[in-house]
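These notes are about the structure you will find just below.
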Amino acid sequence: MTGIRGYGAYVPLYRVERADIAQQHGGYAGGGETAVPAHDENVVTLGVQAAKNALANAGADGEAVDAVFTATTSDPFDERGVAAHVGHALGAGTDVRTGDFQGSARAATDAVLAARDAVANDCETALVVAADVLRADPDSGELQTAGAGAGALVLGDEEVGAFADAASHTTGYVGRFKRDGSPVTGDGRFNRKNYLEAVTGAVESLEDADADHGVFPEHDGGWGERAAGAVDLDADLHSTFDAVGYAGAGGVLLDLAAALDEASAGERVLLASYGPGGSDAVAVDVSEDTTPEMTVQEYLDSKEYVTYAKHLSFREQLGGDA
């Protein structure tokens, strides 16, 4: 049965406290902290590290990968792509199939479902990588939570977990958006309303929405809990928002990795992504207890705080969202 052979995650070492950001610009100081990429980290390097962790967890290497699908909302290049660079860095063959999914945090589950279908047809091993380094205008509320992180899955014959069901809820609502080279913008009130409608629509379209673990990546604190309540899901919820911030498509697979770290064989994990265009809900039945060499919690605990000035310096060196 098509499923997850291995998974992995990556979170940058540096963090900035959101209260420090608020102190510089005034306004409400949201709780928690946000991951800050180092000057030499970008969507490709974050994705490669998460992919290496996933391959190690699956007991595979880059040469075994037949397809690489990547998802991001913060590739700084209009024409480049990420998948081919990730595949090359991992040692995949020149005949590896690639696919880049962008434009929405929902791209993470777009890539997962595309890889699932590829494995079900003619691909033995597919790698899915989602990574983001988000930027925000210094005077905006989004600066406090513009995070960075990555997650990866190795798909093939079921080992860690099997795909039990999937459903989508697609809308024409845009919500968060950004122009080329510009920070993200959008109206948070309307975004939350559409988030709830899209996520609940996708989850309620599943044949069986009951689960032991819930993953609802969120743009802002509390959104995931609202979504779980709206679908009457009594499950352990897993979110890295308070420790990492909003990490776009990367946050979707990062949060999924956090859930898989805690899930036991026989339990179900329910993932619901969200971004411009709607939501995908994916149910995974865990079949084997496994733990990557570095868990998400260990990444969260392994950290070094930087000042607001240093955080800004790192982002400026990267061009904001490189």
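Just so we're on the same page: first chain in the structure tokens is A, next is B, and so on; residues restart at 1 for each chain, and ligands are numbered from 1 in the order they show up.
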Determine which residues of range 143-238 of chain A DSSP labels as helix (DSSP H, G or I) from the backbone of this structure, then write them out as a ChimeraX atom specification. /A:143-145,188-204,223-230
Just the selected residues (C-alpha atoms), exported as an mmCIF file, in the first residue's frame, please.
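What ended up in result.cif:
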data_model
loop_
_atom_site.group_PDB
_atom_site.id
_atom_site.type_symbol
_atom_site.label_atom_id
_atom_site.label_comp_id
_atom_site.auth_asym_id
_atom_site.auth_seq_id
_atom_site.Cartn_x
_atom_site.Cartn_y
_atom_site.Cartn_z
ATOM 1 C CA LEU A 143 6.946 40.405 11.163
ATOM 2 C CA GLN A 144 6.586 38.792 14.584
ATOM 3 C CA THR A 145 5.534 35.460 13.105
ATOM 4 C CA GLY A 188 -6.523 38.643 8.970
ATOM 5 C CA ARG A 189 -10.212 38.713 9.908
ATOM 6 C CA PHE A 190 -11.396 37.500 6.519
ATOM 7 C CA ASN A 191 -8.488 35.069 6.260
ATOM 8 C CA ARG A 192 -9.483 33.343 9.499
ATOM 9 C CA LYS A 193 -13.095 33.036 8.353
ATOM 10 C CA ASN A 194 -12.083 31.453 5.066
ATOM 11 C CA TYR A 195 -9.490 29.273 6.797
ATOM 12 C CA LEU A 196 -12.197 27.740 8.939
ATOM 13 C CA GLU A 197 -14.576 27.273 6.013
ATOM 14 C CA ALA A 198 -11.942 25.671 3.769
ATOM 15 C CA VAL A 199 -10.378 23.427 6.409
ATOM 16 C CA THR A 200 -13.707 22.205 7.788
ATOM 17 C CA GLY A 201 -14.962 21.662 4.232
ATOM 18 C CA ALA A 202 -11.985 19.451 3.400
ATOM 19 C CA VAL A 203 -12.069 17.506 6.676
ATOM 20 C CA GLU A 204 -15.822 16.900 6.504
ATOM 21 C CA TRP A 223 -6.659 28.991 14.348
ATOM 22 C CA GLY A 224 -5.926 25.266 14.514
ATOM 23 C CA GLU A 225 -7.828 24.841 17.762
ATOM 24 C CA ARG A 226 -10.835 26.618 16.242
ATOM 25 C CA ALA A 227 -10.740 24.340 13.204
ATOM 26 C CA ALA A 228 -10.533 21.206 15.362
ATOM 27 C CA GLY A 229 -13.458 22.432 17.421
ATOM 28 C CA ALA A 230 -15.499 23.186 14.307
#
Hey, could you make a per-residue contact list for range 167-267 of chain A against range 64-71 of chain A with 12 Å as the cut-off, showing the nearest pair of atoms and its distance in Å to one decimal, counting only C-alpha atoms, sorted by chain and number, as a tab-separated table?
residue	atom	partner	partner_atom	distance
A:Ala247	CA	A:Ala71	CA	11.7
A:Gly248	CA	A:Ala71	CA	9.5
A:Ala249	CA	A:Ala71	CA	6.2
A:Gly250	CA	A:Ala71	CA	7.5
A:Gly251	CA	A:Ala71	CA	10.7
A:Val252	CA	A:Ala71	CA	10.0
A:Leu253	CA	A:Ala71	CA	9.9
Output N, CA, C and O atoms for every residue in the selection just made, as a PDB file, in the first residue's frame.
ATOM      1  N   ALA A 247       5.385  29.151   8.993  1.00  0.00           N
ATOM      2  CA  ALA A 247       6.426  28.755   8.031  1.00  0.00           C
ATOM      3  C   ALA A 247       5.835  28.305   6.702  1.00  0.00           C
ATOM      4  O   ALA A 247       6.435  27.489   5.997  1.00  0.00           O
ATOM      5  N   GLY A 248       4.666  28.819   6.337  1.00  0.00           N
ATOM      6  CA  GLY A 248       4.093  28.571   5.024  1.00  0.00           C
ATOM      7  C   GLY A 248       3.957  27.100   4.697  1.00  0.00           C
ATOM      8  O   GLY A 248       3.533  26.279   5.518  1.00  0.00           O
ATOM      9  N   ALA A 249       4.333  26.733   3.464  1.00  0.00           N
ATOM     10  CA  ALA A 249       4.276  25.336   3.042  1.00  0.00           C
ATOM     11  C   ALA A 249       5.207  24.481   3.881  1.00  0.00           C
ATOM     12  O   ALA A 249       4.918  23.318   4.189  1.00  0.00           O
ATOM     13  N   GLY A 250       6.362  25.048   4.269  1.00  0.00           N
ATOM     14  CA  GLY A 250       7.293  24.303   5.105  1.00  0.00           C
ATOM     15  C   GLY A 250       6.678  23.913   6.434  1.00  0.00           C
ATOM     16  O   GLY A 250       6.927  22.825   6.955  1.00  0.00           O
ATOM     17  N   GLY A 251       5.847  24.793   6.982  1.00  0.00           N
ATOM     18  CA  GLY A 251       5.214  24.520   8.258  1.00  0.00           C
ATOM     19  C   GLY A 251       4.228  23.370   8.209  1.00  0.00           C
ATOM     20  O   GLY A 251       3.987  22.693   9.221  1.00  0.00           O
ATOM     21  N   VAL A 252       3.644  23.118   7.039  1.00  0.00           N
ATOM     22  CA  VAL A 252       2.678  22.022   6.904  1.00  0.00           C
ATOM     23  C   VAL A 252       3.352  20.679   7.187  1.00  0.00           C
ATOM     24  O   VAL A 252       2.872  19.892   8.009  1.00  0.00           O
ATOM     25  N   LEU A 253       4.465  20.411   6.523  1.00  0.00           N
ATOM     26  CA  LEU A 253       5.150  19.135   6.739  1.00  0.00           C
ATOM     27  C   LEU A 253       5.965  19.138   8.031  1.00  0.00           C
ATOM     28  O   LEU A 253       6.234  18.077   8.598  1.00  0.00           O
TER      29      LEU A 253
END
Per residue of range 96-127 of chain A within 7 Å of range 274-290 of chain A, which atom pair is closest and at what distance in Å (one decimal), using only C-alpha atoms, listed by chain and increasing number, as CSV?
residue,atom,partner,partner_atom,distance
A:Ser104,CA,A:Gly275,CA,5.0
A:Ala105,CA,A:Gly275,CA,4.7
A:Arg106,CA,A:Gly275,CA,4.8
A:Thr109,CA,A:Asp280,CA,6.4
How would the residues just chosen look if you wrote them out with N, CA and C atoms as an mmCIF file, in the first residue's frame?
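Done, and the output landed in result.cif:
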data_model
loop_
_atom_site.group_PDB
_atom_site.id
_atom_site.type_symbol
_atom_site.label_atom_id
_atom_site.label_comp_id
_atom_site.auth_asym_id
_atom_site.auth_seq_id
_atom_site.Cartn_x
_atom_site.Cartn_y
_atom_site.Cartn_z
ATOM 1 N N SER A 104 1.158 28.962 -2.837
ATOM 2 C CA SER A 104 0.222 28.793 -1.730
ATOM 3 C C SER A 104 0.806 27.792 -0.750
ATOM 4 N N ALA A 105 0.534 27.993 0.542
ATOM 5 C CA ALA A 105 0.975 27.008 1.532
ATOM 6 C C ALA A 105 0.307 25.661 1.298
ATOM 7 N N ARG A 106 -0.818 25.680 0.617
ATOM 8 C CA ARG A 106 -1.487 24.437 0.246
ATOM 9 C C ARG A 106 -0.617 23.607 -0.710
ATOM 10 N N THR A 109 0.537 20.025 0.450
ATOM 11 C CA THR A 109 -0.291 18.833 0.250
ATOM 12 C C THR A 109 -0.536 18.567 -1.230
#
Please identify all polymer residues within 12 Å of range 20-28 of chain A, counting only C-alpha atoms, omitting same-chain residues fewer than 6 positions from it, and present them as a short mmCIF file (atom, residue, chain, number, x, y, z; two decimals) with N, CA and C atoms, in the first residue's frame.
data_model
loop_
_atom_site.label_atom_id
_atom_site.label_comp_id
_atom_site.auth_asym_id
_atom_site.auth_seq_id
_atom_site.Cartn_x
_atom_site.Cartn_y
_atom_site.Cartn_z
N THR A 34 10.19 33.16 17.13
CA THR A 34 10.15 32.88 15.70
C THR A 34 11.52 32.42 15.22
N ASP A 137 6.91 42.99 6.12
CA ASP A 137 7.28 44.39 6.25
C ASP A 137 7.58 44.69 7.72
N PRO A 138 8.67 45.43 8.02
CA PRO A 138 9.03 45.70 9.43
C PRO A 138 7.92 46.39 10.22
N ASP A 139 7.04 47.11 9.56
CA ASP A 139 5.97 47.82 10.27
C ASP A 139 4.69 47.01 10.37
N SER A 140 4.71 45.77 9.91
CA SER A 140 3.49 44.96 9.91
C SER A 140 3.46 43.99 11.08
N GLY A 141 2.27 43.55 11.43
CA GLY A 141 2.13 42.57 12.49
C GLY A 141 2.69 41.22 12.12
N GLU A 142 2.79 40.94 10.80
CA GLU A 142 3.29 39.65 10.35
C GLU A 142 4.78 39.44 10.65
N LEU A 143 5.51 40.54 10.92
CA LEU A 143 6.95 40.40 11.16
C LEU A 143 7.22 39.51 12.36
N GLN A 144 6.36 39.58 13.38
CA GLN A 144 6.59 38.79 14.58
C GLN A 144 6.51 37.29 14.32
N THR A 145 5.76 36.90 13.32
CA THR A 145 5.53 35.46 13.11
C THR A 145 6.03 34.95 11.76
N ALA A 146 6.77 35.76 11.00
CA ALA A 146 7.30 35.31 9.71
C ALA A 146 8.46 34.36 9.96
N TYR A 305 19.24 32.35 20.89
CA TYR A 305 18.50 33.59 20.68
C TYR A 305 19.38 34.67 20.07
N VAL A 306 18.80 35.45 19.19
CA VAL A 306 19.49 36.59 18.60
C VAL A 306 18.68 37.84 18.89
N THR A 307 19.35 38.96 18.84
CA THR A 307 18.67 40.23 19.05
C THR A 307 17.83 40.59 17.84
N TYR A 308 16.99 41.59 18.01
CA TYR A 308 16.19 42.05 16.87
C TYR A 308 17.10 42.53 15.74
N ALA A 309 18.17 43.24 16.09
CA ALA A 309 19.08 43.77 15.07
C ALA A 309 19.75 42.63 14.29
N LYS A 310 20.19 41.58 15.00
CA LYS A 310 20.83 40.46 14.33
C LYS A 310 19.82 39.72 13.44
N HIS A 311 18.62 39.54 13.93
CA HIS A 311 17.56 38.90 13.15
C HIS A 311 17.30 39.67 11.86
N LEU A 312 17.27 40.99 11.97
CA LEU A 312 17.04 41.82 10.79
C LEU A 312 18.23 41.74 9.84
#
Please identify which residues in range 35-247 of chain A DSSP calls strand (DSSP E or B) from the backbone, and express them as a PDB file with C-alpha atoms, in the first residue's frame.
ATOM      1  CA  ALA A  35      12.780  30.870  13.834  1.00  0.00           C
ATOM      2  CA  VAL A  36      15.400  32.969  12.054  1.00  0.00           C
ATOM      3  CA  ALA A  67      10.953  11.667  -8.133  1.00  0.00           C
ATOM      4  CA  VAL A  68      11.390  14.885  -6.145  1.00  0.00           C
ATOM      5  CA  PHE A  69       8.406  17.156  -5.516  1.00  0.00           C
ATOM      6  CA  THR A  70       8.980  20.422  -3.666  1.00  0.00           C
ATOM      7  CA  ALA A  71       6.660  23.066  -2.222  1.00  0.00           C
ATOM      8  CA  THR A  72       7.433  26.630  -1.183  1.00  0.00           C
ATOM      9  CA  ARG A  97      11.436  13.268 -12.141  1.00  0.00           C
ATOM     10  CA  THR A  98      10.895  16.720 -10.593  1.00  0.00           C
ATOM     11  CA  GLY A  99       7.934  18.911  -9.778  1.00  0.00           C
ATOM     12  CA  ASP A 100       7.741  22.366  -8.201  1.00  0.00           C
ATOM     13  CA  PHE A 101       4.584  23.450  -6.368  1.00  0.00           C
ATOM     14  CA  GLN A 102       4.356  27.101  -5.375  1.00  0.00           C
ATOM     15  CA  ALA A 126       9.204   9.701  -4.242  1.00  0.00           C
ATOM     16  CA  LEU A 127      10.565  12.484  -2.067  1.00  0.00           C
ATOM     17  CA  VAL A 128       8.371  15.404  -0.990  1.00  0.00           C
ATOM     18  CA  VAL A 129      10.065  18.488   0.465  1.00  0.00           C
ATOM     19  CA  ALA A 130       8.387  21.663   1.724  1.00  0.00           C
ATOM     20  CA  ALA A 131      10.478  24.624   2.868  1.00  0.00           C
ATOM     21  CA  ASP A 132       9.896  28.309   3.466  1.00  0.00           C
ATOM     22  CA  VAL A 133      11.714  31.396   4.675  1.00  0.00           C
ATOM     23  CA  ALA A 146       7.301  35.312   9.707  1.00  0.00           C
ATOM     24  CA  ALA A 148      11.285  29.504   8.605  1.00  0.00           C
ATOM     25  CA  GLY A 149      11.320  25.727   8.557  1.00  0.00           C
ATOM     26  CA  ALA A 150      11.090  22.603   6.441  1.00  0.00           C
ATOM     27  CA  GLY A 151       9.660  19.116   6.435  1.00  0.00           C
ATOM     28  CA  ALA A 152      10.089  16.134   4.127  1.00  0.00           C
ATOM     29  CA  LEU A 153       8.478  12.767   3.406  1.00  0.00           C
ATOM     30  CA  VAL A 154       9.783   9.705   1.592  1.00  0.00           C
ATOM     31  CA  LEU A 155       6.880   7.909  -0.073  1.00  0.00           C
ATOM     32  CA  GLY A 156       6.806   4.343  -1.310  1.00  0.00           C
ATOM     33  CA  ASP A 157       5.594   1.073   0.125  1.00  0.00           C
ATOM     34  CA  GLY A 161       2.140   5.003   7.746  1.00  0.00           C
ATOM     35  CA  ALA A 162      -0.394   4.454   4.970  1.00  0.00           C
ATOM     36  CA  PHE A 163      -2.562   7.036   3.246  1.00  0.00           C
ATOM     37  CA  ALA A 164      -6.081   6.201   4.388  1.00  0.00           C
ATOM     38  CA  ASP A 165      -8.046   8.995   2.714  1.00  0.00           C
ATOM     39  CA  ALA A 166      -7.757  12.463   1.226  1.00  0.00           C
ATOM     40  CA  ALA A 167     -10.201  15.211   0.281  1.00  0.00           C
ATOM     41  CA  SER A 168     -10.078  18.786  -0.982  1.00  0.00           C
ATOM     42  CA  HIS A 169     -12.057  21.992  -0.587  1.00  0.00           C
ATOM     43  CA  THR A 170     -11.102  24.437  -3.328  1.00  0.00           C
ATOM     44  CA  PHE A 177      -0.914  37.216  -1.051  1.00  0.00           C
ATOM     45  CA  THR A 185      -0.353  41.124   2.928  1.00  0.00           C
ATOM     46  CA  HIS A 213      -3.622  13.387  16.197  1.00  0.00           C
ATOM     47  CA  GLY A 214      -4.573  16.600  14.422  1.00  0.00           C
ATOM     48  CA  VAL A 215      -2.355  18.888  12.341  1.00  0.00           C
ATOM     49  CA  ASP A 236      -3.925  15.743  20.272  1.00  0.00           C
ATOM     50  CA  LEU A 237      -3.105  18.836  18.225  1.00  0.00           C
ATOM     51  CA  TYR A 246       4.217  30.688  10.465  1.00  0.00           C
TER      52      TYR A 246
END
Show which residues sit within 8 Å of Gly87 in chain A, as a list in words. Count only C-alpha atoms, and ignore same-chain residues fewer than 5 positions away. Gly62, Val68, Ala92, Gly93 and Val96 of chain A
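Shortest atom-to-atom contact with Leu46 in chain A among A:Glu293, A:Asp75, A:Asp61, A:Glu304: A:Asp75, counting only C-alpha atoms.
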So which residues touch Ala89 in chain A within 10 Å, counting only C-alpha atoms, skipping near sequence neighbours fewer than 2 positions away, as a list in words? Val44, Thr45, Val48, Gln49, Lys52, Gly62, Ala83, Ala84, His85, Val86, Gly87, Gly91 and Ala92 of chain A
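Distance check against Ala235 in chain A using only C-alpha atoms: of A:Pro217, A:Arg315, A:Asp261, A:Leu270, the minimum falls on A:Leu270.
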